[in-house]
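Engineer: Supplied structure: data.cif, mmCIF, C-alpha atoms.
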```
data_protein
loop_
_atom_site.label_atom_id
_atom_site.label_comp_id
_atom_site.auth_asym_id
_atom_site.auth_seq_id
_atom_site.Cartn_x
_atom_site.Cartn_y
_atom_site.Cartn_z
CA MET I 1 1.83 -29.64 -0.83
CA ARG I 2 1.21 -26.42 0.99
CA HIS I 3 3.42 -23.53 -0.04
CA SER I 4 4.80 -21.70 2.94
CA PHE I 5 7.66 -19.47 3.93
CA PRO I 6 9.10 -20.21 7.37
CA LEU I 7 11.06 -16.97 7.76
CA PHE I 8 7.92 -14.87 8.03
CA GLN I 9 4.47 -16.06 7.07
CA SER I 10 2.96 -12.60 7.14
CA HIS I 11 3.44 -8.95 8.02
CA LEU I 12 1.91 -9.76 11.41
CA ASP I 13 4.63 -12.30 12.20
CA LEU I 14 7.19 -9.67 11.32
CA ALA I 15 5.60 -6.90 13.40
CA HIS I 16 5.18 -9.20 16.40
CA HIS I 17 8.78 -10.28 16.06
CA TYR I 18 10.02 -6.69 16.30
CA TRP I 19 7.72 -5.93 19.24
CA GLN I 20 8.98 -8.98 21.07
CA GLN I 21 12.57 -7.87 20.54
CA ASN I 22 11.90 -4.47 22.04
CA VAL I 23 9.56 -4.93 25.01
CA GLN I 24 9.46 -7.00 28.16
CA ILE I 25 7.17 -7.66 31.10
CA GLY I 26 6.67 -4.41 32.99
CA ASP I 27 6.84 -2.07 29.99
CA ARG I 28 4.14 0.46 29.16
CA VAL I 29 2.82 0.30 25.58
CA ILE I 30 0.02 1.74 23.45
CA ASP I 31 -2.14 0.16 20.78
CA ALA I 32 -3.19 3.38 19.03
CA THR I 33 -5.68 1.62 16.71
CA CYS I 34 -6.91 -1.39 18.65
CA GLY I 35 -9.46 -2.60 16.07
CA ASN I 36 -10.67 -6.05 17.13
CA GLY I 37 -7.98 -6.37 19.81
CA HIS I 38 -5.74 -9.03 18.29
CA ASP I 39 -2.63 -6.83 18.38
CA THR I 40 -3.67 -5.59 21.82
CA LEU I 41 -3.69 -9.16 23.13
CA LYS I 42 -0.19 -9.71 21.76
CA LEU I 43 0.98 -6.53 23.51
CA CYS I 44 -0.63 -7.69 26.78
CA GLN I 45 1.13 -11.04 26.53
CA LEU I 46 4.47 -9.32 25.99
CA THR I 47 4.24 -6.72 28.77
CA LEU I 48 1.76 -7.59 31.55
CA SER I 49 2.14 -9.50 34.78
CA ILE I 50 -0.09 -9.31 37.85
CA ASP I 51 1.84 -6.43 39.36
CA LYS I 52 3.47 -4.60 36.47
CA GLY I 53 3.14 -3.44 32.88
CA LYS I 54 0.46 -1.30 31.27
CA VAL I 55 -1.35 -1.47 27.92
CA TYR I 56 -3.38 1.45 26.61
CA ALA I 57 -5.78 0.41 23.85
CA ILE I 58 -7.24 3.28 21.85
CA ASP I 59 -9.68 3.46 18.96
CA ILE I 60 -11.95 6.12 17.51
CA GLN I 61 -14.81 3.62 17.08
CA SER I 62 -16.86 2.44 20.08
CA GLN I 63 -17.42 -0.84 18.21
CA ALA I 64 -13.66 -1.45 18.24
CA ILE I 65 -13.36 -0.70 21.95
CA GLU I 66 -16.20 -3.13 22.71
CA SER I 67 -14.77 -5.86 20.45
CA THR I 68 -11.37 -5.46 22.08
CA ARG I 69 -12.85 -5.58 25.60
CA ILE I 70 -14.70 -8.82 24.80
CA PHE I 71 -11.76 -10.39 22.97
CA LEU I 72 -9.25 -9.59 25.74
CA GLY I 73 -11.75 -10.77 28.38
CA THR I 74 -11.85 -14.24 26.82
CA HIS I 75 -8.04 -14.51 26.88
CA LEU I 76 -6.77 -12.66 29.95
CA SER I 77 -7.34 -13.09 33.67
CA LEU I 78 -9.19 -10.36 35.58
CA ASP I 79 -5.87 -9.41 37.23
CA LEU I 80 -4.23 -8.76 33.86
CA MET I 81 -7.36 -6.99 32.53
CA LYS I 82 -6.91 -4.44 35.34
CA ARG I 83 -3.64 -3.41 33.71
CA VAL I 84 -5.33 -2.64 30.35
CA GLU I 85 -6.89 0.75 29.74
CA LEU I 86 -9.42 0.91 26.89
CA GLN I 87 -10.20 4.42 25.66
CA GLN I 88 -12.34 5.72 22.83
CA TYR I 89 -10.18 8.47 21.35
CA CYS I 90 -9.24 9.68 17.90
CA HIS I 91 -5.65 8.49 17.52
CA SER I 92 -4.53 12.07 16.81
CA SER I 93 -4.45 12.59 20.58
CA PHE I 94 -3.54 10.45 23.57
CA PRO I 95 -4.97 10.43 27.10
CA ASP I 96 -3.35 13.12 29.31
CA ALA I 97 -2.50 10.47 31.89
CA ILE I 98 0.21 9.09 29.60
CA LEU I 99 3.46 10.84 30.54
CA PRO I 100 6.08 11.93 27.98
CA GLY I 101 9.06 9.56 27.87
CA SER I 102 7.14 6.68 29.47
CA ILE I 103 6.10 4.41 26.57
CA LYS I 104 8.28 1.65 25.10
CA LEU I 105 6.19 0.82 22.04
CA ILE I 106 3.34 2.48 20.17
CA VAL I 107 1.55 0.40 17.56
CA TYR I 108 -0.58 1.56 14.65
CA ASN I 109 -2.49 -0.71 12.32
CA LEU I 110 -3.79 1.69 9.69
CA GLY I 111 -6.77 1.25 7.42
CA TYR I 112 -10.27 0.13 8.33
CA LEU I 113 -11.60 -1.95 11.19
CA PRO I 114 -11.66 -5.60 10.06
CA GLY I 115 -15.31 -6.48 9.52
CA GLY I 116 -16.31 -2.84 10.05
CA ASN I 117 -17.18 0.08 7.79
CA LYS I 118 -14.51 0.46 5.11
CA ALA I 119 -15.28 4.16 4.80
CA HIS I 120 -13.75 4.63 8.27
CA THR I 121 -10.13 4.46 7.18
CA THR I 122 -7.51 6.31 9.14
CA GLN I 123 -6.88 9.77 7.72
CA LEU I 124 -3.45 10.99 6.77
CA GLU I 125 -3.64 14.28 8.63
CA THR I 126 -4.70 12.72 11.92
CA THR I 127 -2.10 9.97 11.54
CA LEU I 128 0.72 12.48 11.09
CA LYS I 129 -0.58 14.52 14.04
CA SER I 130 -0.67 11.35 16.09
CA LEU I 131 2.92 10.42 15.16
CA ASN I 132 4.12 13.82 16.36
CA GLN I 133 2.44 13.19 19.71
CA ALA I 134 3.66 9.61 19.84
CA GLN I 135 7.31 10.65 19.41
CA LYS I 136 7.12 12.65 22.66
CA LEU I 137 5.63 9.74 24.61
CA LEU I 138 8.40 7.27 23.76
CA THR I 139 11.17 6.28 26.16
CA GLN I 140 14.77 6.36 24.89
CA GLY I 141 15.08 3.41 22.49
CA GLY I 142 11.27 3.26 22.25
CA ILE I 143 9.61 2.31 18.98
CA ILE I 144 6.66 3.37 16.84
CA SER I 145 5.46 0.46 14.68
CA VAL I 146 3.11 1.32 11.81
CA THR I 147 1.46 -1.26 9.55
CA CYS I 148 0.42 0.39 6.27
CA TYR I 149 -2.00 -1.00 3.69
CA PRO I 150 -0.95 0.30 0.26
CA GLY I 151 -3.42 -2.11 -1.39
CA HIS I 152 -6.23 0.51 -1.35
CA PRO I 153 -5.85 4.06 -2.73
CA GLU I 154 -6.13 5.94 0.57
CA GLY I 155 -3.67 3.49 2.12
CA ALA I 156 -1.16 3.94 -0.69
CA LYS I 157 -1.33 7.72 -0.27
CA GLU I 158 -0.95 7.34 3.47
CA GLN I 159 2.07 5.05 3.15
CA GLU I 160 3.79 7.43 0.74
CA ALA I 161 3.30 10.35 3.12
CA LEU I 162 4.49 8.37 6.15
CA VAL I 163 7.64 7.23 4.33
CA ALA I 164 8.34 10.87 3.39
CA TYR I 165 7.73 11.89 7.00
CA ALA I 166 10.09 9.24 8.41
CA SER I 167 12.74 9.95 5.76
CA HIS I 168 13.05 13.51 7.09
CA LEU I 169 13.48 12.71 10.78
CA SER I 170 16.96 13.47 12.15
CA PRO I 171 19.16 10.37 11.80
CA ARG I 172 20.92 11.36 15.04
CA GLU I 173 17.67 11.19 16.96
CA TRP I 174 15.63 8.61 15.05
CA SER I 175 16.29 5.37 13.21
CA CYS I 176 13.59 4.82 10.57
CA CYS I 177 13.25 1.71 8.49
CA GLN I 178 10.63 0.09 6.33
CA HIS I 179 9.97 -3.51 5.47
CA VAL I 180 8.09 -4.22 2.22
CA TRP I 181 7.09 -7.40 0.42
CA LEU I 182 8.12 -7.16 -3.22
CA ASN I 183 6.11 -9.87 -4.95
CA ARG I 184 2.78 -9.56 -3.14
CA SER I 185 1.03 -6.56 -4.67
CA GLN I 186 -1.56 -6.11 -1.90
CA ALA I 187 0.73 -6.87 1.04
CA PRO I 188 0.96 -4.46 3.96
CA SER I 189 4.29 -2.83 4.78
CA LEU I 190 5.84 -2.22 8.17
CA LEU I 191 7.36 1.11 9.17
CA LEU I 192 9.52 1.28 12.32
CA ILE I 193 10.63 4.51 13.96
CA GLN I 194 13.00 4.14 16.90
CA LYS I 195 14.06 6.90 19.28
CA SER I 196 17.80 7.08 19.99
CA MET I 197 19.03 5.81 23.36
CA GLY I 198 20.75 9.17 23.82
CA MET I 199 17.70 11.36 23.12
CA LYS I 200 15.80 12.95 25.99
CA MET C 1 25.90 10.75 25.32
CA ARG C 2 26.25 8.34 22.43
CA HIS C 3 23.26 8.09 20.15
CA SER C 4 22.36 4.50 19.44
CA PHE C 5 19.45 2.40 18.32
CA PRO C 6 19.19 -0.92 20.11
CA LEU C 7 16.78 -2.56 17.65
CA PHE C 8 19.38 -2.73 14.90
CA GLN C 9 22.62 -0.79 14.86
CA SER C 10 23.31 -1.47 11.20
CA HIS C 11 22.33 -3.39 8.10
CA LEU C 12 24.88 -6.03 9.15
CA ASP C 13 23.06 -6.65 12.43
CA LEU C 14 19.87 -7.06 10.47
CA ALA C 15 21.33 -9.42 7.88
CA HIS C 16 23.02 -11.54 10.54
CA HIS C 17 19.77 -11.68 12.47
CA TYR C 18 17.91 -13.14 9.48
CA TRP C 19 20.70 -15.62 8.75
CA GLN C 20 20.66 -16.78 12.35
CA GLN C 21 16.94 -17.34 12.17
CA ASN C 22 17.23 -19.51 9.11
CA VAL C 23 20.32 -21.69 9.53
CA GLN C 24 21.71 -24.07 12.10
CA ILE C 25 24.81 -26.19 12.73
CA GLY C 26 25.08 -28.74 9.92
CA ASP C 27 23.60 -26.59 7.14
CA ARG C 28 25.39 -25.93 3.85
CA VAL C 29 25.69 -22.26 2.90
CA ILE C 30 27.43 -20.06 0.34
CA ASP C 31 29.08 -16.67 0.67
CA ALA C 32 28.92 -15.69 -3.01
CA THR C 33 31.00 -12.51 -2.52
CA CYS C 34 33.34 -13.26 0.37
CA GLY C 35 35.32 -9.99 0.26
CA ASN C 36 37.45 -9.81 3.41
CA GLY C 37 35.71 -12.79 4.99
CA HIS C 38 33.77 -11.10 7.79
CA ASP C 39 30.41 -12.42 6.58
CA THR C 40 32.04 -15.79 5.86
CA LEU C 41 33.17 -16.04 9.48
CA LYS C 42 29.63 -15.33 10.66
CA LEU C 43 28.32 -18.08 8.36
CA CYS C 44 30.97 -20.50 9.71
CA GLN C 45 29.96 -19.73 13.29
CA LEU C 46 26.30 -20.38 12.46
CA THR C 47 26.71 -23.64 10.54
CA LEU C 48 29.98 -25.50 11.26
CA SER C 49 30.89 -28.09 13.83
CA ILE C 50 33.77 -30.58 13.68
CA ASP C 51 31.75 -33.19 11.83
CA LYS C 52 29.05 -31.30 9.95
CA GLY C 53 28.14 -28.16 8.03
CA LYS C 54 29.78 -26.67 4.95
CA VAL C 55 30.63 -23.11 3.92
CA TYR C 56 31.54 -22.24 0.34
CA ALA C 57 33.28 -18.87 0.09
CA ILE C 58 33.51 -17.47 -3.43
CA ASP C 59 34.99 -14.31 -4.87
CA ILE C 60 36.16 -13.20 -8.28
CA GLN C 61 39.28 -11.53 -6.82
CA SER C 62 42.27 -13.60 -5.66
CA GLN C 63 42.98 -10.84 -3.13
CA ALA C 64 39.59 -11.48 -1.51
CA ILE C 65 40.13 -15.23 -1.36
CA GLU C 66 43.51 -14.71 0.33
CA SER C 67 42.15 -12.14 2.79
CA THR C 68 39.32 -14.47 3.70
CA ARG C 69 41.67 -17.42 4.14
CA ILE C 70 43.89 -15.42 6.51
CA PHE C 71 40.96 -13.90 8.41
CA LEU C 72 39.19 -17.23 8.92
CA GLY C 73 42.48 -18.86 9.91
CA THR C 74 42.91 -16.44 12.81
CA HIS C 75 39.40 -17.22 14.12
CA LEU C 76 38.65 -20.86 13.35
CA SER C 77 40.27 -24.13 14.38
CA LEU C 78 41.94 -26.28 11.71
CA ASP C 79 39.07 -28.77 12.08
CA LEU C 80 36.49 -26.12 11.21
CA MET C 81 38.68 -24.70 8.42
CA LYS C 82 38.47 -28.12 6.75
CA ARG C 83 34.75 -27.54 6.32
CA VAL C 84 35.26 -24.26 4.42
CA GLU C 85 35.84 -24.28 0.69
CA LEU C 86 37.41 -21.11 -0.74
CA GLN C 87 37.08 -20.75 -4.50
CA GLN C 88 38.03 -18.00 -6.90
CA TYR C 89 35.02 -17.80 -9.21
CA CYS C 90 32.95 -15.08 -10.80
CA HIS C 91 29.73 -15.15 -8.78
CA SER C 92 27.73 -15.67 -11.98
CA SER C 93 28.55 -19.37 -11.68
CA PHE C 94 28.95 -21.78 -8.78
CA PRO C 95 31.27 -24.81 -8.40
CA ASP C 96 29.76 -27.93 -10.02
CA ALA C 97 30.22 -29.82 -6.75
CA ILE C 98 27.35 -27.86 -5.21
CA LEU C 99 24.18 -29.88 -5.77
CA PRO C 100 20.80 -28.32 -6.63
CA GLY C 101 18.47 -28.20 -3.60
CA SER C 102 21.32 -28.52 -1.10
CA ILE C 103 22.00 -24.98 0.15
CA LYS C 104 20.15 -23.29 3.03
CA LEU C 105 21.46 -19.75 2.59
CA ILE C 106 23.29 -17.85 -0.14
CA VAL C 107 24.71 -14.48 0.79
CA TYR C 108 25.68 -11.60 -1.50
CA ASN C 109 27.33 -8.42 -0.37
CA LEU C 110 27.34 -6.32 -3.52
CA GLY C 111 29.64 -3.45 -4.41
CA TYR C 112 33.40 -3.28 -4.15
CA LEU C 113 35.90 -5.12 -1.96
CA PRO C 114 36.45 -3.03 1.21
CA GLY C 115 39.95 -1.58 0.92
CA GLY C 116 40.24 -2.84 -2.67
CA ASN C 117 39.83 -1.30 -6.10
CA LYS C 118 36.50 0.55 -6.28
CA ALA C 119 36.38 0.00 -10.04
CA HIS C 120 35.75 -3.71 -9.34
CA THR C 121 32.09 -3.41 -8.39
CA THR C 122 29.73 -6.29 -9.02
CA GLN C 123 28.03 -6.00 -12.38
CA LEU C 124 24.27 -6.15 -12.78
CA GLU C 125 24.25 -8.74 -15.54
CA THR C 126 26.46 -11.21 -13.65
CA THR C 127 24.49 -10.64 -10.44
CA LEU C 128 21.19 -11.48 -12.16
CA LYS C 129 22.76 -14.53 -13.80
CA SER C 130 24.06 -15.60 -10.41
CA LEU C 131 20.64 -15.21 -8.75
CA ASN C 132 19.11 -17.50 -11.38
CA GLN C 133 21.73 -20.13 -10.54
CA ALA C 134 21.37 -19.56 -6.81
CA GLN C 135 17.61 -20.18 -6.90
CA LYS C 136 18.24 -23.73 -8.12
CA LEU C 137 20.78 -24.47 -5.40
CA LEU C 138 18.47 -23.58 -2.50
CA THR C 139 16.72 -26.14 -0.30
CA GLN C 140 13.00 -25.71 0.33
CA GLY C 141 12.68 -22.74 2.69
CA GLY C 142 16.22 -21.67 1.73
CA ILE C 143 17.11 -17.99 1.48
CA ILE C 144 19.08 -15.67 -0.76
CA SER C 145 20.24 -12.60 1.18
CA VAL C 146 21.50 -9.63 -0.85
CA THR C 147 22.99 -6.47 0.66
CA CYS C 148 22.73 -3.61 -1.85
CA TYR C 149 24.60 -0.31 -1.76
CA PRO C 150 22.43 2.34 -3.41
CA GLY C 151 24.82 5.06 -2.17
CA HIS C 152 26.92 4.89 -5.37
CA PRO C 153 25.45 5.15 -8.91
CA GLU C 154 26.21 1.59 -10.06
CA GLY C 155 24.82 0.29 -6.76
CA ALA C 156 21.61 2.29 -7.09
CA LYS C 157 21.07 0.91 -10.61
CA GLU C 158 21.80 -2.59 -9.37
CA GLN C 159 19.35 -2.29 -6.44
CA GLU C 160 16.60 -1.02 -8.73
CA ALA C 161 17.06 -3.95 -11.11
CA LEU C 162 17.17 -6.50 -8.28
CA VAL C 163 13.98 -5.14 -6.74
CA ALA C 164 12.29 -5.38 -10.15
CA TYR C 165 13.61 -8.93 -10.53
CA ALA C 166 12.34 -10.03 -7.09
CA SER C 167 8.99 -8.29 -7.62
CA HIS C 168 8.29 -10.56 -10.59
CA LEU C 169 9.04 -13.91 -8.95
CA SER C 170 5.99 -16.12 -8.43
CA PRO C 171 4.49 -15.41 -4.98
CA ARG C 172 3.50 -19.10 -4.73
CA GLU C 173 7.11 -20.17 -5.06
CA TRP C 174 9.05 -17.25 -3.62
CA SER C 175 8.64 -14.78 -0.78
CA CYS C 176 10.57 -11.61 -1.55
CA CYS C 177 11.00 -8.74 0.84
CA GLN C 178 13.21 -5.73 1.20
CA HIS C 179 14.36 -3.80 4.23
CA VAL C 180 15.40 -0.18 3.73
CA TRP C 181 16.51 2.58 6.07
CA LEU C 182 14.51 5.71 5.39
CA ASN C 183 16.51 8.50 7.02
CA ARG C 184 20.06 7.41 6.18
CA SER C 185 20.65 8.41 2.57
CA GLN C 186 23.74 6.23 2.01
CA ALA C 187 22.57 3.19 3.97
CA PRO C 188 22.63 -0.25 2.37
CA SER C 189 19.38 -2.15 1.91
CA LEU C 190 18.70 -5.83 2.46
CA LEU C 191 16.85 -7.99 -0.06
CA LEU C 192 15.63 -11.44 1.05
CA ILE C 193 14.34 -14.09 -1.35
CA GLN C 194 12.97 -17.24 0.26
CA LYS C 195 12.03 -20.46 -1.55
CA SER C 196 8.68 -21.96 -0.55
CA MET C 197 8.70 -25.01 1.71
CA GLY C 198 6.50 -26.73 -0.89
CA MET C 199 8.74 -26.03 -3.90
CA LYS C 200 11.00 -28.71 -5.30
#
```
Do you think you could lay out the structure here as structure tokens?
Structural biologist:
Amino acid sequence: MRHSFPLFQSHLDLAHHYWQQNVQIGDRVIDATCGNGHDTLKLCQLTLSIDKGKVYAIDIQSQAIESTRIFLGTHLSLDLMKRVELQQYCHSSFPDAILPGSIKLIVYNLGYLPGGNKAHTTQLETTLKSLNQAQKLLTQGGIISVTCYPGHPEGAKEQEALVAYASHLSPREWSCCQHVWLNRSQAPSLLLIQKSMGMK
Amino acid sequence: MRHSFPLFQSHLDLAHHYWQQNVQIGDRVIDATCGNGHDTLKLCQLTLSIDKGKVYAIDIQSQAIESTRIFLGTHLSLDLMKRVELQQYCHSSFPDAILPGSIKLIVYNLGYLPGGNKAHTTQLETTLKSLNQAQKLLTQGGIISVTCYPGHPEGAKEQEALVAYASHLSPREWSCCQHVWLNRSQAPSLLLIQKSMGMK
């Protein structure tokens, strides 16, 4: 018989669950590392209708932007596609068009592009720079969701630094929590950083 | 303006959220450390109806059993109270009437009885013994939920040992995860241990 765990099958289930709890149709969200576009599609499904919602999908690699464009195109209507903005950017910066205090959810999936060049992992310095920018873009109650991959050395270093970073944010202004699997040595972890409802 | 975090206000919100996801009316559950009965009441609300469901509420202290009895009595009908069994036991053992493979959720809230004697904290050895018993009582897909209090020295030691314990359970048979707050130094953590759907 198949062994399975109904509470959460994977870190993706868990991340999607938190996103779903925090966003609704009409919200503006960012996929800061869109990769092959699977998370982007989930964000589109949670936030877009014909006349409202906005998804920004960003990646440093042109291959990722193209994969995401094709993947979304096979799943979304042309009307919904008009509400998605795909941009080739390093995730250390965000397009100027995105206003501070306007974004409900910013998603990072760290590590390398699935199926792509494993040398192109996210780099700690740019990730931390990006998080500083991302904090300003969030609405009150908005969330940064970061999936970390401690299973490879660069990912383990990155996770450690991000946990240290989040641990030092003001508890009055930010609620930071981490979800880890204990008995799966290579499993990703999920870091959530939420802006207080009372913070401008 | 009040600072608040809508995703989860506290570790209790989070624990209750997971319980709610995993149990339904008619399930049999155990509060292994019923304390003042607040968690017990939540479990009753999630599982009991007039003709089905069962909640076992256990505590080593008679004071806790009495507090729970009074607290539940002010919130539940006599019909529902008939489906609650209050027992003064050390949590290292469970009543013989509870059959292996019959329990959907077993809840531990470690540390001392709120308002009681702080010297009466749970002890690591009995907690580990209890977890071994609890594993056998769970249904397939059943969950052990443990709230740890690393803010006091005994609690920190206990959490460390429980994390080590869960980390070594077979990933084919058990899914173990932990949820920690990063920027609240005294915050409790939540440990979840789920039995595989395919495990007898």
Engineer: Restricting the calculation to only C-alpha atoms, which member of C:Leu105, C:Leu46, C:Leu41, C:Leu128 is positioned closest to chain I?
Structural biologist: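 Looking at the shortest contact to chain I, the residue is C:Leu105.
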Engineer: Atom CA of I:Trp181 and atom CA of I:Ala32, how far apart in Å?
Structural biologist: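 Between atom CA of I:Ala32 and atom CA of I:Trp181 the gap is 23.8 Å.
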Engineer: Lay chain C over chain I with a least-squares fit on all the C-alpha atoms, paired in sequence, and tell me the RMSD.
Structural biologist: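 The C-alpha RMSD comes to 0.0 Å.
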Engineer: Find the residues with any atom within 7 Å of (24.2, -0.2, -0.9); use all atoms listed in the file and the coordinates as given in the file, and write the answer as a PyMOL selection string.
Structural biologist: chain C and resi 147-151+155+187-189
Engineer: Deliver the residues from the most recent selection as a file, using C-alpha atoms, as a PDB file, in the frame of the given file.
Structural biologist:
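Saved file again-v4.pdb follows:
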```
ATOM      1  CA  THR C 147      22.990  -6.470   0.660  1.00  0.00           C
ATOM      2  CA  CYS C 148      22.730  -3.610  -1.850  1.00  0.00           C
ATOM      3  CA  TYR C 149      24.600  -0.310  -1.760  1.00  0.00           C
ATOM      4  CA  PRO C 150      22.430   2.340  -3.410  1.00  0.00           C
ATOM      5  CA  GLY C 151      24.820   5.060  -2.170  1.00  0.00           C
ATOM      6  CA  GLY C 155      24.820   0.290  -6.760  1.00  0.00           C
ATOM      7  CA  ALA C 187      22.570   3.190   3.970  1.00  0.00           C
ATOM      8  CA  PRO C 188      22.630  -0.250   2.370  1.00  0.00           C
ATOM      9  CA  SER C 189      19.380  -2.150   1.910  1.00  0.00           C
TER      10      SER C 189
END
```
Engineer: Selection in question (the file shown): the PyMOL selection byres ((chain C and resi 49) around 12). Which residues does it include, as a list in words?
Structural biologist: Gln24, Ile25, Gly26, Asp27, Arg28, Leu43, Cys44, Gln45, Leu46, Thr47, Leu48, Ile50, Asp51, Lys52, Gly53, Lys54, Val55, Leu76, Ser77, Leu78, Asp79, Leu80, Met81, Lys82, Arg83 and Val84 of chain C
Engineer: May I ask which of the residues I:Tyr108, I:Tyr89, I:Tyr165, I:Phe94 is the closest one to chain C, counting only C-alpha atoms?
Structural biologist: I:Tyr165
Engineer: Quick one: pull the distance between atom CA of I:Thr74 and atom CA of I:Asn109, Å, one decimal.
Structural biologist: 21.9 Å
